[in-house]
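Here is the file input-v4.cif (mmCIF, C-alpha atoms).
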```
data_upload
#
loop_
_atom_site.label_atom_id
_atom_site.label_comp_id
_atom_site.auth_asym_id
_atom_site.auth_seq_id
_atom_site.Cartn_x
_atom_site.Cartn_y
_atom_site.Cartn_z
CA MET A 1 99.26 -60.48 -170.39
CA ASN A 2 95.55 -59.90 -170.59
CA LEU A 3 92.97 -61.76 -172.65
CA ASN A 4 92.94 -59.10 -175.39
CA THR A 5 96.65 -59.65 -176.07
CA LEU A 6 95.97 -63.38 -176.41
CA TYR A 7 93.17 -62.77 -178.94
CA LEU A 8 95.43 -60.45 -180.94
CA ALA A 9 98.27 -62.99 -180.86
CA VAL A 10 95.96 -65.76 -182.17
CA ALA A 11 94.63 -63.40 -184.86
CA GLY A 12 98.24 -62.62 -185.89
CA LEU A 13 99.05 -66.34 -186.00
CA VAL A 14 96.12 -67.12 -188.30
CA LEU A 15 95.74 -63.95 -190.35
CA GLY A 16 99.47 -63.23 -190.85
CA PRO A 17 100.15 -66.14 -193.26
CA LEU A 18 96.70 -65.79 -194.87
CA LEU A 19 97.29 -62.12 -195.70
CA GLY A 20 100.77 -62.98 -197.00
CA GLY A 21 99.20 -65.66 -199.24
CA LEU A 22 96.70 -63.12 -200.56
CA ALA A 23 99.58 -60.70 -201.23
CA ALA A 24 101.28 -63.49 -203.21
CA GLY A 25 98.04 -63.97 -205.19
CA VAL A 26 97.81 -60.24 -205.90
CA ASP A 27 101.47 -60.38 -206.94
CA ARG A 28 100.77 -63.17 -209.48
CA VAL A 29 97.72 -61.40 -210.96
CA VAL A 30 99.29 -57.92 -211.12
CA THR A 31 102.53 -59.28 -212.62
CA ALA A 32 100.51 -61.11 -215.30
CA ARG A 33 98.51 -57.95 -216.11
CA LEU A 34 101.72 -55.92 -216.36
CA GLN A 35 102.89 -58.48 -218.95
CA SER A 36 99.58 -58.33 -220.93
CA ARG A 37 98.47 -61.71 -219.59
CA LEU A 38 95.36 -62.76 -217.73
CA GLY A 39 97.20 -64.57 -214.94
CA PRO A 40 96.09 -67.24 -212.47
CA PRO A 41 93.21 -66.95 -209.97
CA LEU A 42 93.79 -64.85 -206.84
CA LEU A 43 93.89 -67.97 -204.66
CA GLN A 44 96.53 -69.72 -206.81
CA PRO A 45 99.28 -69.55 -204.10
CA PHE A 46 96.96 -71.49 -201.75
CA TYR A 47 96.38 -74.16 -204.43
CA ASP A 48 100.15 -74.35 -204.95
CA VAL A 49 100.77 -74.92 -201.25
CA GLY A 50 97.92 -77.50 -201.08
CA LYS A 51 99.45 -79.32 -204.03
CA LEU A 52 102.94 -79.28 -202.52
CA TRP A 53 101.51 -80.57 -199.23
CA SER A 54 100.01 -83.64 -200.96
CA LYS A 55 103.21 -84.59 -202.79
CA VAL A 56 105.24 -87.61 -201.69
CA ILE A 57 109.03 -87.28 -201.90
CA ALA A 58 111.99 -88.23 -199.73
CA PRO A 59 113.76 -85.22 -198.16
CA ALA A 60 117.27 -84.41 -199.42
CA SER A 61 118.51 -84.53 -195.83
CA HIS A 62 116.98 -85.58 -192.51
CA TRP A 63 117.99 -82.25 -190.97
CA GLN A 64 116.05 -80.21 -193.50
CA GLY A 65 112.64 -81.04 -192.03
CA MET A 66 113.76 -79.75 -188.63
CA PHE A 67 115.14 -76.49 -190.03
CA VAL A 68 111.98 -75.94 -192.09
CA ARG A 69 109.82 -76.31 -189.00
CA TRP A 70 112.04 -73.96 -186.99
CA ALA A 71 111.88 -71.42 -189.83
CA LEU A 72 108.08 -71.67 -189.83
CA VAL A 73 107.91 -71.28 -186.05
CA ALA A 74 110.21 -68.23 -186.14
CA SER A 75 108.25 -66.57 -188.96
CA LEU A 76 104.91 -67.17 -187.23
CA ALA A 77 106.40 -65.96 -183.95
CA SER A 78 107.41 -62.66 -185.59
CA ASP A 79 103.79 -62.29 -186.77
CA VAL A 80 102.49 -63.00 -183.28
CA ILE A 81 104.93 -60.55 -181.64
CA LEU A 82 103.83 -57.77 -183.98
CA ALA A 83 100.09 -58.53 -183.66
CA ALA A 84 100.24 -58.70 -179.86
CA GLY A 85 101.87 -55.26 -179.73
CA GLY A 86 105.30 -56.59 -178.82
CA ASP A 87 108.73 -55.14 -179.40
CA ILE A 88 109.36 -54.63 -183.13
CA LEU A 89 113.10 -55.02 -182.63
CA MET A 90 112.47 -58.49 -181.18
CA CYS A 91 110.12 -59.26 -184.09
CA PHE A 92 112.91 -58.24 -186.48
CA PHE A 93 115.50 -60.49 -184.80
CA VAL A 94 113.13 -63.49 -184.75
CA GLN A 95 112.49 -63.02 -188.46
CA ALA A 96 116.24 -62.92 -189.17
CA ALA A 97 116.50 -66.26 -187.33
CA SER A 98 113.86 -67.67 -189.68
CA ALA A 99 115.91 -66.67 -192.76
CA SER A 100 119.01 -68.24 -191.19
CA PHE A 101 117.16 -71.55 -190.63
CA VAL A 102 116.19 -71.62 -194.33
CA ALA A 103 119.86 -71.15 -195.29
CA LEU A 104 121.03 -73.79 -192.77
CA GLY A 105 118.52 -76.30 -194.15
CA ALA A 106 119.77 -75.64 -197.70
CA PHE A 107 123.37 -76.23 -196.56
CA CYS A 108 122.30 -79.72 -195.35
CA GLY A 109 121.23 -80.84 -198.84
CA ASN A 110 123.30 -82.26 -201.67
CA SER A 111 122.51 -79.80 -204.46
CA PRO A 112 125.33 -77.35 -205.30
CA TYR A 113 122.62 -74.89 -206.41
CA GLY A 114 121.01 -75.14 -203.00
CA LYS A 115 124.31 -74.45 -201.27
CA LEU A 116 125.08 -71.51 -203.57
CA GLY A 117 121.58 -70.17 -202.87
CA ALA A 118 122.15 -70.57 -199.12
CA GLN A 119 125.37 -68.54 -199.32
CA ARG A 120 123.51 -65.87 -201.26
CA GLU A 121 120.75 -65.91 -198.64
CA LEU A 122 123.38 -65.10 -196.01
CA PHE A 123 124.71 -62.27 -198.20
CA GLN A 124 121.17 -60.92 -198.45
CA LEU A 125 120.85 -61.03 -194.66
CA LEU A 126 124.14 -59.15 -194.40
CA ALA A 127 122.90 -56.52 -196.85
CA TYR A 128 119.39 -55.71 -195.69
CA GLU A 129 119.47 -56.44 -191.95
CA PRO A 130 121.55 -53.37 -190.90
CA VAL A 131 119.40 -51.08 -193.10
CA PHE A 132 116.18 -52.57 -191.77
CA MET A 133 117.43 -52.30 -188.18
CA VAL A 134 118.34 -48.61 -188.53
CA ALA A 135 114.92 -48.01 -190.13
CA ILE A 136 113.27 -49.65 -187.09
CA LEU A 137 115.41 -47.53 -184.74
CA CYS A 138 114.20 -44.43 -186.64
CA LEU A 139 110.57 -45.55 -186.32
CA ALA A 140 110.99 -46.15 -182.59
CA LYS A 141 112.77 -42.83 -182.01
CA ALA A 142 110.11 -40.88 -183.94
CA ALA A 143 107.19 -42.67 -182.25
CA GLY A 144 108.72 -42.73 -178.77
CA GLY A 145 108.72 -46.49 -178.15
CA PHE A 146 109.68 -49.85 -179.58
CA ASP A 147 106.36 -51.60 -179.04
CA ALA A 148 104.06 -51.88 -182.06
CA PHE A 149 101.09 -50.29 -180.24
CA SER A 150 102.89 -47.05 -179.40
CA ILE A 151 103.92 -46.67 -183.06
CA MET A 152 100.39 -47.43 -184.26
CA ALA A 153 98.99 -45.05 -181.63
CA ALA A 154 100.96 -42.10 -183.04
CA GLN A 155 97.75 -40.76 -184.49
CA GLY A 156 98.82 -37.19 -185.19
CA GLN A 157 101.25 -36.53 -187.99
CA PRO A 158 102.27 -39.57 -190.10
CA LEU A 159 105.83 -40.72 -189.34
CA LEU A 160 106.68 -40.49 -193.06
CA PHE A 161 107.24 -36.73 -192.77
CA LYS A 162 109.85 -37.28 -190.07
CA LEU A 163 111.39 -40.31 -191.79
CA PRO A 164 111.61 -39.68 -195.54
CA LEU A 165 115.14 -41.07 -195.84
CA ILE A 166 114.27 -44.56 -194.57
CA VAL A 167 111.85 -45.17 -197.48
CA PRO A 168 114.60 -46.39 -199.89
CA GLY A 169 115.95 -48.68 -197.15
CA LEU A 170 112.49 -50.13 -196.43
CA LEU A 171 111.82 -50.61 -200.14
CA PHE A 172 115.18 -52.41 -200.42
CA ALA A 173 114.21 -54.70 -197.52
CA VAL A 174 110.77 -55.34 -199.11
CA LEU A 175 112.35 -56.25 -202.47
CA VAL A 176 114.78 -58.65 -200.79
CA LYS A 177 112.18 -60.26 -198.50
CA LEU A 178 109.59 -60.62 -201.28
CA ARG A 179 112.36 -62.16 -203.42
CA LYS A 180 111.82 -59.66 -206.18
CA SER A 181 114.12 -58.50 -208.96
CA PRO A 182 116.67 -56.75 -208.85
CA PHE A 183 117.41 -58.44 -205.49
CA ASP A 184 116.00 -61.91 -206.16
CA ILE A 185 119.51 -63.22 -205.66
CA ALA A 186 119.12 -66.23 -203.36
CA ALA A 187 115.91 -67.88 -204.55
CA SER A 188 115.65 -67.13 -208.29
CA HIS A 189 111.88 -66.92 -208.28
CA HIS A 190 111.48 -66.90 -212.05
CA MET A 191 112.31 -69.97 -214.07
CA HIS A 192 115.56 -71.02 -215.70
CA GLN A 193 118.17 -68.99 -213.93
CA GLU A 194 121.73 -69.98 -213.21
CA VAL A 195 121.06 -71.35 -209.69
CA VAL A 196 117.74 -73.15 -210.57
CA ARG A 197 115.72 -72.24 -207.42
CA GLY A 198 118.75 -71.30 -205.33
CA VAL A 199 118.15 -71.78 -201.61
CA TYR A 200 114.85 -73.61 -202.32
CA THR A 201 116.32 -76.15 -204.80
CA ASP A 202 116.54 -79.07 -202.36
CA TYR A 203 113.28 -78.41 -200.53
CA ALA A 204 110.32 -80.31 -201.96
CA GLY A 205 106.86 -81.57 -201.07
CA ARG A 206 105.62 -80.78 -197.56
CA ASP A 207 108.84 -79.04 -196.50
CA PHE A 208 108.53 -76.64 -199.43
CA ALA A 209 104.84 -76.03 -198.64
CA LEU A 210 105.72 -75.09 -195.03
CA LEU A 211 108.49 -72.79 -196.27
CA GLU A 212 105.97 -71.02 -198.52
CA VAL A 213 103.71 -70.43 -195.50
CA ALA A 214 106.73 -69.11 -193.56
CA HIS A 215 107.49 -66.80 -196.49
CA TRP A 216 103.91 -65.47 -196.44
CA ALA A 217 104.23 -64.73 -192.72
CA ASP A 218 107.51 -62.87 -193.40
CA VAL A 219 105.90 -60.80 -196.15
CA THR A 220 103.08 -59.75 -193.82
CA VAL A 221 105.55 -58.66 -191.13
CA VAL A 222 107.73 -56.64 -193.50
CA LEU A 223 104.79 -54.88 -195.16
CA TRP A 224 103.24 -54.25 -191.75
CA ILE A 225 106.42 -52.58 -190.49
CA CYS A 226 106.48 -50.47 -193.68
CA SER A 227 102.88 -49.42 -193.04
CA PHE A 228 103.97 -47.80 -189.73
CA LEU A 229 105.11 -44.88 -191.89
CA TRP A 230 101.47 -43.75 -192.20
CA ALA A 231 99.86 -45.27 -189.12
CA THR A 232 97.05 -42.73 -188.65
CA GLY A 233 94.39 -45.45 -189.01
CA PRO A 234 93.89 -49.07 -190.15
CA LEU A 235 92.84 -48.03 -193.67
CA GLN A 236 95.82 -45.73 -194.09
CA MET A 237 98.14 -48.51 -192.88
CA LEU A 238 96.61 -50.95 -195.39
CA ILE A 239 97.05 -48.45 -198.22
CA THR A 240 100.68 -47.79 -197.22
CA GLY A 241 101.43 -51.54 -197.12
CA LEU A 242 99.79 -52.02 -200.54
CA ALA A 243 101.76 -49.05 -201.91
CA PHE A 244 105.02 -50.76 -200.90
CA LEU A 245 103.77 -54.06 -202.42
CA PHE A 246 102.85 -52.44 -205.75
CA ALA A 247 106.13 -50.49 -205.85
CA ALA A 248 107.99 -53.80 -205.39
CA LEU A 249 105.93 -55.48 -208.14
CA LEU A 250 106.55 -52.60 -210.55
CA ILE A 251 110.30 -52.59 -209.88
CA ASP A 252 110.33 -56.40 -210.27
CA ASN A 253 108.78 -56.16 -213.72
CA ILE A 254 110.93 -53.34 -215.07
CA SER A 255 114.34 -54.35 -213.78
CA ALA A 256 116.88 -57.09 -214.43
CA ARG A 257 118.55 -58.90 -211.55
CA LEU A 258 121.68 -57.40 -210.00
CA THR A 259 124.61 -59.44 -208.71
CA TRP A 260 125.15 -59.94 -204.96
CA ARG A 261 128.26 -57.76 -205.24
CA THR A 262 126.23 -54.74 -206.39
CA MET A 263 123.69 -55.39 -203.65
CA LEU A 264 126.34 -55.66 -200.94
CA LYS A 265 128.77 -52.98 -202.11
CA THR A 266 126.49 -50.30 -203.55
CA VAL A 267 122.80 -50.59 -202.64
CA ALA A 268 123.22 -51.67 -199.00
CA PRO A 269 125.74 -48.93 -198.01
CA LEU A 270 123.77 -46.26 -199.87
CA THR A 271 120.44 -47.08 -198.19
CA LEU A 272 122.23 -47.52 -194.85
CA ILE A 273 123.81 -44.06 -195.08
CA LEU A 274 120.42 -42.49 -195.92
CA ALA A 275 118.68 -44.26 -193.00
CA THR A 276 121.51 -43.37 -190.59
CA ALA A 277 121.36 -39.72 -191.70
CA ASN A 278 117.65 -39.77 -190.85
CA LEU A 279 118.42 -41.25 -187.41
CA VAL A 280 121.06 -38.58 -186.69
CA TRP A 281 118.63 -35.88 -187.83
CA LEU A 282 116.01 -37.22 -185.40
CA TYR A 283 118.50 -37.07 -182.51
CA LEU A 284 119.67 -33.54 -183.42
CA GLU A 285 116.13 -32.23 -183.75
CA MET B 1 87.07 -80.55 -196.45
CA PHE B 2 90.86 -80.31 -196.16
CA GLY B 3 91.20 -83.53 -198.18
CA SER B 4 89.00 -82.24 -201.00
CA PHE B 5 90.96 -78.94 -201.03
CA LEU B 6 94.18 -80.92 -201.43
CA LYS B 7 92.72 -82.93 -204.31
CA THR B 8 91.47 -79.76 -206.03
CA SER B 9 94.91 -78.19 -205.50
CA GLN B 10 96.66 -81.06 -207.24
CA VAL B 11 94.57 -80.51 -210.36
CA LYS B 12 94.77 -76.70 -210.23
CA SER B 13 98.51 -76.29 -209.79
CA PRO B 14 100.51 -78.31 -212.34
CA TRP B 15 104.15 -77.25 -212.47
CA LEU B 16 105.86 -78.35 -215.68
CA LEU B 17 109.40 -79.56 -216.15
CA HIS B 18 110.40 -79.36 -219.79
CA PHE B 19 113.17 -81.68 -220.97
CA ASP B 20 114.62 -81.50 -224.48
CA CYS B 21 115.56 -85.13 -225.10
CA GLY B 22 117.33 -84.51 -228.41
CA SER B 23 114.61 -82.56 -230.19
CA CYS B 24 115.27 -80.33 -233.23
CA ASN B 25 113.95 -77.42 -231.05
CA GLY B 26 110.75 -77.13 -233.10
CA CYS B 27 108.60 -78.65 -230.34
CA ASP B 28 110.61 -76.76 -227.67
CA ILE B 29 109.74 -73.43 -229.26
CA GLU B 30 106.08 -74.45 -229.41
CA THR B 31 106.18 -75.57 -225.74
CA LEU B 32 107.69 -72.28 -224.60
CA ALA B 33 105.17 -70.40 -226.78
CA CYS B 34 102.50 -71.63 -224.34
CA LEU B 35 103.96 -69.26 -221.71
CA THR B 36 103.66 -66.15 -223.89
CA PRO B 37 100.78 -63.67 -223.49
CA VAL B 38 99.06 -65.22 -226.55
CA TYR B 39 98.48 -68.58 -224.84
CA ASP B 40 99.23 -67.66 -221.17
CA VAL B 41 99.14 -71.12 -219.54
CA GLU B 42 99.57 -69.49 -216.12
CA ARG B 43 95.78 -68.97 -216.34
CA PHE B 44 95.51 -72.64 -215.35
CA GLY B 45 98.11 -72.31 -212.60
CA ILE B 46 100.78 -73.84 -214.83
CA ILE B 47 104.36 -72.74 -214.15
CA ASN B 48 107.45 -73.85 -216.05
CA VAL B 49 110.00 -74.88 -213.40
CA GLY B 50 113.63 -75.85 -213.79
CA ASN B 51 113.82 -78.20 -210.82
CA PRO B 52 112.53 -81.81 -211.01
CA ARG B 53 111.93 -81.87 -207.23
CA HIS B 54 109.28 -79.14 -207.66
CA ALA B 55 107.69 -80.51 -210.86
CA ASP B 56 104.40 -82.38 -211.30
CA VAL B 57 104.34 -82.86 -215.07
CA LEU B 58 107.33 -83.91 -217.18
CA VAL B 59 107.05 -82.59 -220.74
CA VAL B 60 109.54 -84.35 -223.02
CA THR B 61 110.35 -83.44 -226.61
CA GLY B 62 112.56 -85.37 -229.03
CA THR B 63 113.88 -88.89 -229.46
CA VAL B 64 115.69 -90.96 -226.87
CA ASN B 65 119.21 -92.25 -227.38
CA PRO B 66 121.27 -94.39 -224.96
CA ARG B 67 123.01 -91.30 -223.54
CA ASN B 68 120.06 -89.09 -222.70
CA ALA B 69 117.93 -92.07 -221.62
CA VAL B 70 119.91 -92.06 -218.36
CA VAL B 71 119.22 -88.35 -217.81
CA LEU B 72 115.53 -88.78 -218.65
CA LYS B 73 115.16 -91.66 -216.19
CA ASN B 74 117.04 -89.67 -213.54
CA LEU B 75 114.76 -86.63 -213.93
CA TYR B 76 111.67 -88.85 -213.78
CA ASP B 77 112.92 -90.54 -210.60
CA GLN B 78 113.64 -87.19 -208.91
CA MET B 79 110.06 -85.96 -209.35
CA PRO B 80 107.65 -86.34 -206.43
CA THR B 81 104.63 -88.61 -206.86
CA PRO B 82 101.94 -88.40 -208.22
CA LYS B 83 103.51 -87.35 -211.54
CA LEU B 84 102.46 -87.15 -215.18
CA VAL B 85 104.56 -87.57 -218.32
CA ILE B 86 103.66 -85.95 -221.64
CA ALA B 87 105.47 -86.95 -224.86
CA VAL B 88 105.41 -83.99 -227.25
CA GLY B 89 105.85 -84.28 -231.03
CA ALA B 90 106.31 -87.16 -233.43
CA CYS B 91 109.85 -87.83 -232.16
CA GLY B 92 108.79 -87.96 -228.51
CA CYS B 93 105.86 -90.25 -229.32
CA SER B 94 107.61 -92.80 -231.52
CA GLY B 95 111.02 -91.59 -232.65
CA GLY B 96 109.47 -89.88 -235.70
CA VAL B 97 111.56 -89.84 -238.86
CA PHE B 98 114.62 -90.74 -236.78
CA ARG B 99 113.23 -94.02 -235.44
CA GLU B 100 115.40 -96.17 -237.74
CA ALA B 101 118.63 -94.29 -236.89
CA PRO B 102 121.24 -96.55 -235.24
CA ASN B 103 121.59 -94.41 -232.09
CA VAL B 104 117.85 -93.84 -231.54
CA LEU B 105 115.99 -96.03 -229.07
CA GLY B 106 112.58 -94.67 -230.18
CA GLY B 107 109.92 -92.65 -228.35
CA ILE B 108 110.34 -91.77 -224.68
CA ASP B 109 107.96 -94.58 -223.68
CA LYS B 110 110.90 -96.92 -224.23
CA VAL B 111 112.40 -95.49 -221.01
CA ILE B 112 109.63 -94.08 -218.79
CA PRO B 113 105.83 -94.56 -218.71
CA VAL B 114 103.95 -91.93 -220.72
CA ASP B 115 100.47 -90.64 -219.82
CA VAL B 116 99.63 -88.42 -222.79
CA TYR B 117 100.98 -88.40 -226.36
CA VAL B 118 100.92 -85.18 -228.43
CA PRO B 119 101.34 -85.84 -232.17
CA GLY B 120 102.60 -83.23 -234.64
CA CYS B 121 105.83 -82.07 -236.22
CA PRO B 122 106.05 -79.70 -234.48
CA ALA B 123 103.14 -80.09 -232.04
CA LYS B 124 100.93 -76.98 -231.81
CA PRO B 125 100.81 -74.99 -228.53
CA GLU B 126 97.04 -75.61 -228.37
CA ALA B 127 97.68 -79.37 -228.60
CA ILE B 128 100.30 -79.19 -225.81
CA MET B 129 97.91 -77.27 -223.54
CA ASP B 130 95.18 -79.79 -224.36
CA ALA B 131 97.57 -82.60 -223.41
CA VAL B 132 98.21 -81.04 -219.99
CA VAL B 133 94.45 -80.68 -219.41
CA THR B 134 93.90 -84.31 -220.51
CA GLY B 135 96.69 -85.43 -218.18
CA LEU B 136 95.11 -83.53 -215.28
CA ALA B 137 91.72 -85.15 -216.02
CA LYS B 138 93.47 -88.51 -215.80
CA LEU B 139 95.11 -87.51 -212.50
CA LYS B 140 91.73 -86.35 -211.17
CA GLY B 141 90.25 -89.75 -212.08
CA ILE B 142 93.07 -91.54 -210.26
CA LEU B 143 92.67 -89.33 -207.16
CA GLU B 144 88.91 -89.88 -207.05
CA ALA B 145 89.30 -93.63 -207.54
CA SER B 146 91.73 -93.73 -204.59
CA LYS B 147 89.12 -92.29 -202.18
#
```
This entry written out as structure tokens:
Amino acid sequence: MNLNTLYLAVAGLVLGPLLGGLAAGVDRVVTARLQSRLGPPLLQPFYDVGKLWSKVIAPASHWQGMFVRWALVASLASDVILAAGGDILMCFFVQAASASFVALGAFCGNSPYGKLGAQRELFQLLAYEPVFMVAILCLAKAAGGFDAFSIMAAQGQPLLFKLPLIVPGLLFAVLVKLRKSPFDIAASHHMHQEVVRGVYTDYAGRDFALLEVAHWADVTVVLWICSFLWATGPLQMLITGLAFLFAALLIDNISARLTWRTMLKTVAPLTLILATANLVWLYLE
Amino acid sequence: MFGSFLKTSQVKSPWLLHFDCGSCNGCDIETLACLTPVYDVERFGIINVGNPRHADVLVVTGTVNPRNAVVLKNLYDQMPTPKLVIAVGACGCSGGVFREAPNVLGGIDKVIPVDVYVPGCPAKPEAIMDAVVTGLAKLKGILEASK
């Protein structure tokens, strides 16, 4: 490991959550504008986390604090792996561990809504992880390597032209990871739904603030992996990531929530078949 | 610097928990009207949440009776500190026209401490938003005094 890798890793550690927080701010403003409202300031998610950090409340379970910290460590580690040019498959597995820690922490609490949300979180993992993994395999096959640098160094033709069929799968993963409708099944981001805040119901105060930061780090990683589809330069990657973000926001605002059954039985197999077809096509080429 | 950011955050991000404590729904409709594009309280960072563990401000409408007093106290106890309570409407403030009814205890201040009272039958959305802003000014004063 040389010094450059260390600098990149530190930059990933700091900038990953910050960019995710900015994406959350953009999300709040754009959603408000789509609903003919003015919306909060761009930095509102940071104020929210600052507020949650200064709240005093007893945790629902002593184990929750530990799981929250492990989830944060795993999410930040996935950011660092990607920024330092590591293996994107490893980054993907570490991020899945983070989501599992969030579910495990929710299982420790007393709230039935939290437990229901945790079960739904596991269903979400079951639905999007295979699709996301096949999409990553496609990216690696098309770029000729699993490390982030070799994918970003594929300067010639954008990978999108070789991988059109993984776009629905990636969009599905983005919608699930950003907790957006129609796949906002585990966390019920918008108010007054049947599971209150689902997997987040029992988390409060500092634990909830740390989970928000972990969520921001996750968002950065997912959008970053999506931006590999047009990795001909930093600007193009940024535009591709933003395109996925805006597509998710638009779908969130024009669609009602689906049930976990539809997600697991219809959307996941469909996107998985498309992504697998793309992978087979790459091998036959 | 981090401390002042945290104090600013507490004033800029009030999440409301709305509890209908036996209201006729008049004040509830006016409270929810604050979220519509006409009033858009999210401009001030206000979100209506359904979970007391995430809430900062408890907005209560309607009178208290011995049954829902337990629920009201429970919700208040589940909220993290520091917390604000806003009594909305004539019934929430004092029991309103129902204050002499045999099952009515009175306004919600009979059960939990109230920070801001919003009169009206029903209270106007502008008055409810003003109450939240007044409550936050009070919280800011408390935070600065505790320096």
Apply the PyMOL selection byres ((chain A) within 9 of (chain B)) to the file shown and report the selected residues as JSON, numbers by chain.
{"A": [32, 35, 36, 37, 38, 39, 40, 41, 44, 45, 46, 47, 48, 49, 50, 51, 52, 53, 54, 55, 56, 57, 58, 190, 191, 192, 193, 196, 197, 201, 202, 203, 204, 205, 208]}
Quote the spacing between CA of Ser98 in chain A and CA of Leu22 in chain A in Å to one decimal place.
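Separation between CA of Ser98 in chain A and CA of Leu22 in chain A: 20.8 Å.
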Using the chain letters and numbering of this document, enumerate as a CSV table (one decimal) with C-alpha atoms, in the coordinates of the input the residues selected by the PyMOL selection byres ((chain B and resi 108) around 12).
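Resulting contents of selection.csv:
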```
chain,number,residue,atom,x,y,z
B,19,PHE,CA,113.2,-81.7,-221.0
B,20,ASP,CA,114.6,-81.5,-224.5
B,21,CYS,CA,115.6,-85.1,-225.1
B,22,GLY,CA,117.3,-84.5,-228.4
B,23,SER,CA,114.6,-82.6,-230.2
B,58,LEU,CA,107.3,-83.9,-217.2
B,59,VAL,CA,107.0,-82.6,-220.7
B,60,VAL,CA,109.5,-84.4,-223.0
B,61,THR,CA,110.4,-83.4,-226.6
B,62,GLY,CA,112.6,-85.4,-229.0
B,63,THR,CA,113.9,-88.9,-229.5
B,64,VAL,CA,115.7,-91.0,-226.9
B,65,ASN,CA,119.2,-92.2,-227.4
B,66,PRO,CA,121.3,-94.4,-225.0
B,68,ASN,CA,120.1,-89.1,-222.7
B,69,ALA,CA,117.9,-92.1,-221.6
B,70,VAL,CA,119.9,-92.1,-218.4
B,71,VAL,CA,119.2,-88.4,-217.8
B,72,LEU,CA,115.5,-88.8,-218.6
B,73,LYS,CA,115.2,-91.7,-216.2
B,76,TYR,CA,111.7,-88.8,-213.8
B,85,VAL,CA,104.6,-87.6,-218.3
B,86,ILE,CA,103.7,-86.0,-221.6
B,87,ALA,CA,105.5,-87.0,-224.9
B,88,VAL,CA,105.4,-84.0,-227.2
B,89,GLY,CA,105.8,-84.3,-231.0
B,90,ALA,CA,106.3,-87.2,-233.4
B,91,CYS,CA,109.8,-87.8,-232.2
B,92,GLY,CA,108.8,-88.0,-228.5
B,93,CYS,CA,105.9,-90.2,-229.3
B,94,SER,CA,107.6,-92.8,-231.5
B,95,GLY,CA,111.0,-91.6,-232.6
B,96,GLY,CA,109.5,-89.9,-235.7
B,99,ARG,CA,113.2,-94.0,-235.4
B,104,VAL,CA,117.8,-93.8,-231.5
B,105,LEU,CA,116.0,-96.0,-229.1
B,106,GLY,CA,112.6,-94.7,-230.2
B,107,GLY,CA,109.9,-92.6,-228.4
B,109,ASP,CA,108.0,-94.6,-223.7
B,110,LYS,CA,110.9,-96.9,-224.2
B,111,VAL,CA,112.4,-95.5,-221.0
B,112,ILE,CA,109.6,-94.1,-218.8
B,113,PRO,CA,105.8,-94.6,-218.7
B,114,VAL,CA,104.0,-91.9,-220.7
B,115,ASP,CA,100.5,-90.6,-219.8
B,116,VAL,CA,99.6,-88.4,-222.8
B,117,TYR,CA,101.0,-88.4,-226.4
```
How many Å lie between CA of Gln95 in chain A and CA of Asn110 in chain A, rounded to one decimal?
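Here the two named atoms are 25.7 Å from each other.
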What's around Leu139 in chain A at 12 Å? Count all atoms listed in the file, leave out sequence neighbours fewer than 2 positions away in its own chain, and write the answer as a VMD selection string.
chain A and resid 87 to 89 132 to 137 141 to 148 150 to 152 154 158 to 167 170 225 to 231 275 to 276 278 to 279 282
Atom-to-atom span, CA of Trp70 in chain A and CA of Met90 in chain A, Å:
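If I compute the distance from CA of Trp70 in chain A to CA of Met90 in chain A, I get 16.5 Å.
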Taking all atoms listed in the file into account, name the residue in A:Tyr200, A:Trp63, A:Phe101, A:Phe246 that is nearest to Leu34 in chain A.
A:Phe246
Could you list, as a PyMOL selection string, every residue within 8 Å of Val219 in chain A, counting only C-alpha atoms and ignoring same-chain residues fewer than 3 positions away?
chain A and resi 20+174+177-178+215-216+222-223
Output C-alpha atoms for every residue in that selection, as a tab-separated table (two decimals), in the frame of the given file.
```
chain	number	residue	atom	x	y	z
A	20	GLY	CA	100.77	-62.98	-197.00
A	174	VAL	CA	110.77	-55.34	-199.11
A	177	LYS	CA	112.18	-60.26	-198.50
A	178	LEU	CA	109.59	-60.62	-201.28
A	215	HIS	CA	107.49	-66.80	-196.49
A	216	TRP	CA	103.91	-65.47	-196.44
A	222	VAL	CA	107.73	-56.64	-193.50
A	223	LEU	CA	104.79	-54.88	-195.16
```
Find the residues near Met129 in chain B: any atom within 9 Å, counting only C-alpha atoms, skip ones fewer than 2 places away on the same chain, and give them as a PyMOL selection string.
chain B and resi 31+34+39+41+124-127+131-134
Do you know which residues the PyMOL selection byres ((chain A and resi 253) around 12) returns on this file, as a PyMOL selection string?
chain A and resi 27-28+30-36+175+180-182+184+190+246-252+254-257
As JSON: centre and edge lengths in Å, one decimal, of the axis-aligned box holding range 27-32 of chain B with 3 Å per side:
```
{"center_x": 108.3, "center_y": -75.5, "center_z": -227.5, "size_x": 10.5, "size_y": 12.4, "size_z": 11.7}
```
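Using all atoms listed in the file for every distance, the candidate list A:Leu13, A:Met237, A:Val176, A:Ala187 yields A:Val176 as the residue closest to Leu264 in chain A.
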Select, counting all atoms listed in the file, all protein, DNA and RNA residues no farther than 12 Å from (125.9, -60.4, -196.0) in file coordinates, and express the selection as a ChimeraX atom specification.
/A:100,118-131,185-186,260-265,268-269
